[in-house]
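Reading through the structure tokens given below for one structure.
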Amino acid sequence: MGDWTIKNSYYLTLMTAAYIIGEICHFLINTTGREVARDIHFGDKSCFFNDSYADPSEDKSSNNCSMVKDQKECTEVEYCSWEYSGLGIEYQILAGPAFVAVFSVSGVAISILSDKLKATVSRVLLVGIGTATFSSACLLMGFADSYWQLVLLRMLIAAGESVCRPMCGAMLADLFSPKSRGVANGVFSWGVYVGFGMAFVLGINGTSADIAGYGWRAPYIITAIPGLVVAVLFICTLKDPKPDSTPAAQRSTSPNPENKTYFQRLIKSFANPALLILLIAAMARHTAGLTWAYNTRLYFQSYHPHFDLGYWILLASVLGGSFGVFAGGFFSDRLVGKLGLHSRLWLLAACTLIAAPFAAGTLYYDPPGAMGFLIAYYFFAETWFAVLFTVIVEIVDPEVRATCIALFLFCMNQVGGNLPVIITPLKSQLDDYRSALAIVWPGFLVLSSFLFFLSSFPLCYIERERQRRAAIDEQRTVSQARTPSPTSQDSADIPFAATSPTVPLLVK
């Protein structure tokens with residue numbers, strides 16, 4: 001059975017369950033945004049068909065309410081009403097910056113302090129507390145009655161979820177050997193795709209069902225309850241799988257010199273031109289992906305209001321995302337053996353560029369045809385995360401690897417998580433929601449593809465330098481091996497051979 005014991009499988013199951021629930025909490029606001037805005041009263045307003053209009057002869061699907069831009073004109077039409085649309089800068093802040101700011105800062109702090117926390121505090125306890133935090137915040141969102149309550153609770157969800165990835169990743173490394181670690185991390189990473197898809201099913205269908213008269217609030221309560229159960233199971237049934245650690249007396253307690261060396265290594269690794277270009281490319285790619293994630297439901301509500309979206313998004317996210325994660329690692333592993341490390345970025349650039357027209361097709365074709373484009377988009381676009389962090393791990397100094405990844409994520413999230421707010425001013429400027437999405441979603445995919453390709457050149461140079469140095473070292477080793485040296489018998493015949501300054505002359 002090897003690594004896949006009942007114990008390890010149970011650990012992985014609870015970790016994945018916590019991650020799935022965390023991602024549902026993360027994305028529920030994106031699937032219930034319009035209903036929340038109309039209840040709490042925030043964001044932009046637009047003209048909509050009045051669902052309470054009683055005339056059965058009026059075809060809801062053919063009315064022109066959505067074409068009316070003026071409030072006075074809208075209210076003059078009997079079957080139209082001026083309502084909150086779920087769009088606007090308030091929604092964009094709630095979906096993006098309110099979450100990302102706390103998530104990225106918490107993630108960096110936890111990653112940098114993870115070694116110290118591991119020695120003093122149970123990681124299982126930390127994940128249990130984090131799961132309880134985002135589940136409780138999600139539950140309270142179901143009872144919120146003001147915009148700023150929603151913002152603060154979103155921040156709590158971010159703080160709780162930021163614990164899961166670094167701590168669970170570290171525990172998986174302790175539970176599974178290298179030969180099984182990739183599969184275990186793959187199963188755990190599926191949490192983001194399952195969670196994203198389930199957020200649409202629960203947010204759309206749960207709201208429509210109006211369970212117990214709670215409307216949009218019901219999905220938040222339904223999601224939170226199993227999260228609290230998982231948190232209790234984490235704390236009560238799991239123990240931190242800490243490996244055998246060195247005694248405290250043997251740990252390095254070096255003062256300034258070694259600390260200075262550490263920060264020098266960190267600066268040198270992070271200032272690598274390949275890594276800096278890669279960071280800019282990742283910011284653009286993350287912006288594109290989150291722009292679509294934050295606006296998926298609102299886009300379909302605006303242009304295809306009668307299309308049943310929930311299960312289609314679940315299918316596209318789970319099927320396409322899971323395949324993309326696997327395919328990215330699988331094919332890049334085979335390319336790197338033949339063409340070198342930089343070929344991973346060639347694959348990444350190609351897949352991202354191919355994904356761009358599929359993103360555009362999703363916007364400009366009617367469903368269900370648009371869903372076919374969306375599934376194809378996920379097939380190619382979701383290769384990026386696995387390949388990206390494989391490259392990062394391979395080019396930074398192993399001594400500062402964890403901190404480099406944490407800083408990379410911090411920078412990527414600060415830009416990619418906040419920049420999607422430009423959709424609101426773009427929509428106002430262009431007077432077209434679809435065009436605003438097209439500029440940022442497919443447009444930034446093309447930009448990131450170019451930058452991924454550009455980052456392969458300094459990486460190629462670095463790789464050739466390493467090969468050149470390795471060849472020089474190998475040649476030096478061979479030369480030293482060919483140089484005759486005294487045998488133990490020769491040394492025995494030469495008095496004081498080990499200490500005499502004339503030994504080189506005697507040997508020669």
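All residue names refer to the structure tokens as shown: chains lettered A, B, ... in order, residues numbered from 1 in each chain, ligands numbered from 1 in order.
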- Query: Which polymer residues have any atom within 6 Å of an atom of Gly191 in chain A, counting only C-alpha atoms, with same-chain residues fewer than 4 positions away left out, as a PyMOL selection string?
  - Reply: chain A and resi 16+19-20+195
With only C-alpha atoms counted and 12 Å as the cut-off, give the residues of range 359-422 of chain A in contact with range 292-308 of chain A, each with its shortest interatomic distance in Å and the pair that gives it, as a tab-separated table.
```
residue	atom	partner	partner_atom	distance
A:Ala359	CA	A:Trp292	CA	9.1
A:Ala360	CA	A:Trp292	CA	11.2
A:Thr362	CA	A:Phe300	CA	10.4
A:Leu363	CA	A:Tyr299	CA	8.6
A:Tyr364	CA	A:Tyr303	CA	10.0
A:Tyr365	CA	A:His304	CA	10.6
A:Asp366	CA	A:His304	CA	7.7
A:Pro367	CA	A:Phe307	CA	7.3
A:Pro368	CA	A:Phe307	CA	8.4
A:Gly369	CA	A:Phe307	CA	11.7
A:Ala370	CA	A:Phe300	CA	10.5
A:Met371	CA	A:Phe307	CA	10.9
A:Leu374	CA	A:Trp292	CA	10.7
A:Tyr377	CA	A:Trp292	CA	11.5
A:Tyr378	CA	A:Trp292	CA	11.6
A:Gly416	CA	A:Trp292	CA	11.8
A:Gly417	CA	A:Tyr294	CA	9.9
A:Asn418	CA	A:Tyr294	CA	11.0
A:Leu419	CA	A:Tyr294	CA	11.5
A:Pro420	CA	A:Tyr294	CA	8.1
A:Val421	CA	A:Tyr294	CA	9.6
```
Just to be explicit: take each residue in the selection above, keep all heavy atoms, and write the result as a compact mmCIF listing (two decimals), in the first residue's frame.
```txt
# COMPACT_ATOMS: atom_id res chain seq x y z
N ALA A 359 -11.26 32.12 -24.74
CA ALA A 359 -11.86 33.08 -23.82
C ALA A 359 -12.75 34.06 -24.58
O ALA A 359 -13.87 34.39 -24.15
CB ALA A 359 -10.77 33.82 -23.05
N ALA A 360 -12.25 34.54 -25.71
CA ALA A 360 -13.04 35.46 -26.54
C ALA A 360 -14.30 34.79 -27.06
O ALA A 360 -15.39 35.39 -27.08
CB ALA A 360 -12.19 35.98 -27.69
N THR A 362 -15.97 32.46 -25.60
CA THR A 362 -16.91 32.38 -24.48
C THR A 362 -17.73 33.65 -24.36
O THR A 362 -18.93 33.61 -24.04
CB THR A 362 -16.16 32.12 -23.16
OG1 THR A 362 -15.36 30.93 -23.29
CG2 THR A 362 -17.12 31.94 -22.00
N LEU A 363 -17.10 34.80 -24.63
CA LEU A 363 -17.78 36.08 -24.51
C LEU A 363 -18.69 36.39 -25.69
O LEU A 363 -19.74 37.02 -25.52
CB LEU A 363 -16.75 37.21 -24.37
CG LEU A 363 -15.91 37.23 -23.08
CD1 LEU A 363 -14.84 38.30 -23.16
CD2 LEU A 363 -16.79 37.46 -21.86
N TYR A 364 -18.31 35.96 -26.89
CA TYR A 364 -19.03 36.42 -28.08
C TYR A 364 -19.92 35.38 -28.73
O TYR A 364 -20.61 35.68 -29.70
CB TYR A 364 -18.02 36.97 -29.10
CG TYR A 364 -17.46 38.30 -28.67
CD1 TYR A 364 -16.23 38.39 -28.02
CD2 TYR A 364 -18.17 39.47 -28.87
CE1 TYR A 364 -15.73 39.61 -27.60
CE2 TYR A 364 -17.67 40.70 -28.46
CZ TYR A 364 -16.45 40.76 -27.82
OH TYR A 364 -15.95 41.98 -27.40
N TYR A 365 -19.95 34.15 -28.20
CA TYR A 365 -20.88 33.14 -28.68
C TYR A 365 -21.97 32.93 -27.64
O TYR A 365 -21.74 33.07 -26.43
CB TYR A 365 -20.18 31.82 -28.96
CG TYR A 365 -19.49 31.77 -30.31
CD1 TYR A 365 -18.25 32.38 -30.51
CD2 TYR A 365 -20.09 31.14 -31.40
CE1 TYR A 365 -17.62 32.35 -31.74
CE2 TYR A 365 -19.47 31.10 -32.65
CZ TYR A 365 -18.23 31.72 -32.81
OH TYR A 365 -17.62 31.69 -34.03
N ASP A 366 -23.15 32.58 -28.11
CA ASP A 366 -24.25 32.31 -27.19
C ASP A 366 -24.12 30.90 -26.61
O ASP A 366 -23.61 29.99 -27.26
CB ASP A 366 -25.59 32.40 -27.94
CG ASP A 366 -25.89 33.83 -28.39
OD1 ASP A 366 -25.40 34.76 -27.74
OD2 ASP A 366 -26.60 33.99 -29.41
N PRO A 367 -24.57 30.71 -25.36
CA PRO A 367 -24.58 29.36 -24.79
C PRO A 367 -25.68 28.52 -25.48
O PRO A 367 -26.64 29.08 -26.01
CB PRO A 367 -24.92 29.61 -23.32
CG PRO A 367 -25.62 30.93 -23.29
CD PRO A 367 -25.05 31.72 -24.43
N PRO A 368 -25.50 27.19 -25.51
CA PRO A 368 -24.44 26.42 -24.83
C PRO A 368 -23.12 26.36 -25.60
O PRO A 368 -22.16 25.79 -25.11
CB PRO A 368 -25.07 25.03 -24.71
CG PRO A 368 -25.96 24.93 -25.89
CD PRO A 368 -26.54 26.30 -26.10
N GLY A 369 -23.08 26.95 -26.82
CA GLY A 369 -21.82 26.96 -27.56
C GLY A 369 -20.71 27.64 -26.79
O GLY A 369 -19.55 27.20 -26.83
N ALA A 370 -21.04 28.70 -26.07
CA ALA A 370 -20.05 29.41 -25.25
C ALA A 370 -19.43 28.50 -24.20
O ALA A 370 -18.26 28.65 -23.84
CB ALA A 370 -20.69 30.62 -24.58
N MET A 371 -20.22 27.53 -23.71
CA MET A 371 -19.70 26.60 -22.70
C MET A 371 -18.64 25.67 -23.28
O MET A 371 -17.71 25.27 -22.59
CB MET A 371 -20.84 25.78 -22.10
CG MET A 371 -21.83 26.59 -21.28
SD MET A 371 -21.08 27.33 -19.80
CE MET A 371 -20.82 29.02 -20.34
N LEU A 374 -15.60 27.63 -23.20
CA LEU A 374 -15.11 27.78 -21.83
C LEU A 374 -14.38 26.52 -21.36
O LEU A 374 -13.33 26.61 -20.71
CB LEU A 374 -16.28 28.09 -20.89
CG LEU A 374 -15.90 28.38 -19.44
CD1 LEU A 374 -14.96 29.58 -19.34
CD2 LEU A 374 -17.15 28.61 -18.60
N TYR A 377 -11.11 26.51 -22.97
CA TYR A 377 -10.27 27.52 -22.31
C TYR A 377 -9.62 26.94 -21.06
O TYR A 377 -8.41 27.09 -20.86
CB TYR A 377 -11.12 28.74 -21.96
CG TYR A 377 -10.50 29.62 -20.89
CD1 TYR A 377 -9.46 30.48 -21.20
CD2 TYR A 377 -10.94 29.56 -19.56
CE1 TYR A 377 -8.87 31.27 -20.21
CE2 TYR A 377 -10.36 30.34 -18.57
CZ TYR A 377 -9.33 31.19 -18.90
OH TYR A 377 -8.74 31.96 -17.93
N TYR A 378 -10.40 26.29 -20.23
CA TYR A 378 -9.84 25.71 -19.00
C TYR A 378 -8.81 24.62 -19.30
O TYR A 378 -7.82 24.49 -18.58
CB TYR A 378 -10.96 25.14 -18.13
CG TYR A 378 -11.67 26.16 -17.28
CD1 TYR A 378 -13.03 26.41 -17.44
CD2 TYR A 378 -10.98 26.89 -16.31
CE1 TYR A 378 -13.68 27.36 -16.67
CE2 TYR A 378 -11.63 27.84 -15.54
CZ TYR A 378 -12.98 28.06 -15.72
OH TYR A 378 -13.61 29.00 -14.94
N GLY A 416 -2.64 41.01 -9.34
CA GLY A 416 -3.65 40.22 -10.03
C GLY A 416 -4.98 40.16 -9.31
O GLY A 416 -6.03 40.03 -9.95
N GLY A 417 -4.95 40.26 -7.99
CA GLY A 417 -6.20 40.20 -7.23
C GLY A 417 -6.92 41.52 -7.16
O GLY A 417 -8.13 41.55 -6.95
N ASN A 418 -6.20 42.63 -7.33
CA ASN A 418 -6.81 43.96 -7.21
C ASN A 418 -7.09 44.63 -8.55
O ASN A 418 -8.01 45.44 -8.65
CB ASN A 418 -5.91 44.86 -6.37
CG ASN A 418 -5.83 44.41 -4.92
OD1 ASN A 418 -6.82 44.01 -4.34
ND2 ASN A 418 -4.64 44.48 -4.35
N LEU A 419 -6.30 44.30 -9.57
CA LEU A 419 -6.44 44.98 -10.85
C LEU A 419 -7.79 44.74 -11.55
O LEU A 419 -8.23 45.59 -12.34
CB LEU A 419 -5.29 44.59 -11.78
CG LEU A 419 -5.03 45.50 -12.98
CD1 LEU A 419 -4.81 46.93 -12.54
CD2 LEU A 419 -3.84 44.99 -13.79
N PRO A 420 -8.48 43.60 -11.30
CA PRO A 420 -9.79 43.43 -11.95
C PRO A 420 -10.81 44.53 -11.66
O PRO A 420 -11.83 44.61 -12.34
CB PRO A 420 -10.27 42.07 -11.39
CG PRO A 420 -9.01 41.30 -11.18
CD PRO A 420 -8.03 42.34 -10.67
N VAL A 421 -10.55 45.40 -10.67
CA VAL A 421 -11.49 46.50 -10.42
C VAL A 421 -11.54 47.47 -11.59
O VAL A 421 -12.48 48.28 -11.68
CB VAL A 421 -11.12 47.27 -9.13
CG1 VAL A 421 -11.15 46.37 -7.92
CG2 VAL A 421 -9.77 47.98 -9.25
```
For the interface of range 3-58 of chain A with range 66-72 of chain A (cut-off 10 Å, counting only C-alpha atoms), please tabulate each contacting residue of range 3-58 of chain A alongside its nearest pair of atoms and their separation in Å to one decimal, rows sorted by chain and increasing number, as CSV.
```
residue,atom,partner,partner_atom,distance
A:Lys45,CA,A:Gln71,CA,8.6
A:Ser46,CA,A:Lys69,CA,6.9
A:Cys47,CA,A:Ser66,CA,5.5
A:Phe48,CA,A:Ser66,CA,5.7
A:Phe49,CA,A:Ser66,CA,7.7
```
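Counting only C-alpha atoms and comparing A:Cys236, A:Leu14, A:Cys65, A:Ile21, the residue that lies closest to Cys80 in chain A is A:Cys65.
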- Message: Just the number, please: distance in Å from CA of Arg154 in chain A to CA of Ala98 in chain A, one decimal.
- Response: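 Calculated distance between CA of Arg154 in chain A and CA of Ala98 in chain A is 6.4 Å.
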- Query: Out of A:Ser81, A:Thr291, A:Gln149, A:Ser162, which residue has the shortest atom-to-atom distance to Leu445 in chain A when counting only C-alpha atoms?
  - Reply: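 Among the listed residues, A:Thr291 lies closest to Leu445 in chain A.
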- Go ahead and compute the interatomic distance for CA of Tyr461 in chain A and CA of Ser332 in chain A, in Å to one decimal. 18.9 Å
- Task: Give me the residues within 8 Å of Val194 in chain A as a PyMOL selection string, counting only C-alpha atoms and dropping any in the same chain fewer than 3 places off.
- Result: chain A and resi 20+190-191+197-198+314+317-318
- Note on the structure: CA of Ser9 in chain A to CA of Cys164 in chain A measures 17.2 Å
- Message: Applying 12 Å and only C-alpha atoms, which residues near range 319-331 of chain A remain after dropping the ones on its own chain fewer than 5 positions away? List them as a ChimeraX atom specification.
- Response: /A:182-183,185-197,311-314,336-338,343-352,355,371-391
Keeping only C-alpha atoms, write those residues as a short mmCIF file (atom, residue, chain, number, x, y, z; two decimals), in the first residue's frame.
```
data_model
loop_
_atom_site.label_atom_id
_atom_site.label_comp_id
_atom_site.auth_asym_id
_atom_site.auth_seq_id
_atom_site.Cartn_x
_atom_site.Cartn_y
_atom_site.Cartn_z
CA GLY A 182 2.84 14.81 -6.69
CA VAL A 183 -0.40 12.83 -6.80
CA ASN A 185 -0.73 17.55 -4.05
CA GLY A 186 -2.71 17.11 -7.25
CA VAL A 187 -5.70 15.72 -5.36
CA PHE A 188 -5.43 18.57 -2.85
CA SER A 189 -5.16 21.18 -5.66
CA TRP A 190 -8.39 19.95 -7.21
CA GLY A 191 -10.07 21.66 -4.25
CA VAL A 192 -9.90 25.04 -5.99
CA TYR A 193 -11.69 23.75 -9.12
CA VAL A 194 -14.33 21.75 -7.25
CA GLY A 195 -14.87 24.65 -4.85
CA PHE A 196 -15.20 27.20 -7.66
CA GLY A 197 -17.70 25.00 -9.52
CA TYR A 311 -23.79 22.88 -13.56
CA TRP A 312 -22.04 24.05 -16.72
CA ILE A 313 -19.49 26.01 -14.69
CA LEU A 314 -19.01 23.03 -12.37
CA VAL A 336 12.43 19.61 -20.02
CA GLY A 337 14.36 16.35 -20.42
CA LYS A 338 14.80 17.00 -24.16
CA SER A 343 11.02 24.73 -22.54
CA ARG A 344 8.53 24.71 -19.63
CA LEU A 345 7.94 28.40 -20.30
CA TRP A 346 7.58 27.77 -24.02
CA LEU A 347 4.80 25.30 -23.24
CA LEU A 348 3.24 27.76 -20.80
CA ALA A 349 3.35 30.61 -23.33
CA ALA A 350 1.83 28.41 -26.07
CA CYS A 351 -1.00 27.11 -23.87
CA THR A 352 -1.84 30.60 -22.61
CA ALA A 355 -6.50 29.82 -24.41
CA MET A 371 -19.70 26.60 -22.70
CA GLY A 372 -17.75 24.54 -25.22
CA PHE A 373 -15.32 27.42 -25.62
CA LEU A 374 -15.11 27.78 -21.83
CA ILE A 375 -14.25 24.09 -21.31
CA ALA A 376 -11.55 24.35 -24.00
CA TYR A 377 -10.27 27.52 -22.31
CA TYR A 378 -9.84 25.71 -19.00
CA PHE A 379 -8.07 22.81 -20.74
CA PHE A 380 -5.28 25.12 -21.88
CA ALA A 381 -5.33 28.01 -19.40
CA GLU A 382 -5.09 25.98 -16.19
CA THR A 383 -1.73 24.47 -17.14
CA TRP A 384 -0.09 27.63 -15.86
CA PHE A 385 -0.04 27.25 -12.08
CA ALA A 386 1.73 23.89 -11.90
CA VAL A 387 4.32 24.83 -14.55
CA LEU A 388 4.92 28.29 -13.07
CA PHE A 389 5.81 27.09 -9.59
CA THR A 390 7.86 24.18 -10.91
CA VAL A 391 10.05 26.73 -12.70
#
```
- Item | Nearest candidate to Asp145 in chain A (options A:Ala274, A:Ala37, A:Val229, A:Ala470; using only C-alpha atoms) | A:Ala37
- Nearest to Met283 in chain A: which of A:Ala316, A:Met15, A:Leu409, A:Leu228 is it, counting only C-alpha atoms?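 Nearest candidate to Met283 in chain A out of A:Ala316, A:Met15, A:Leu409, A:Leu228: A:Leu409.
Of the residues under consideration (A:Ser455, A:Leu125, A:Gly96, A:Leu407), A:Ser455 shows the shortest atom-to-atom contact distance to Leu276 in chain A when counting only C-alpha atoms.
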- Expected answer as an NGL selection string: helix (DSSP H, G or I) residues in range 179-326 of chain A: :A and (179-209 or 211-213 or 217-237 or 248-250 or 256-270 or 273-303 or 310-326)
- So which one's closest to Ile29 in chain A, A:Cys460, A:Ala288, A:Ala17, A:Ala95? Using only C-alpha atoms, please.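 The closest residue to Ile29 in chain A is A:Ala95.
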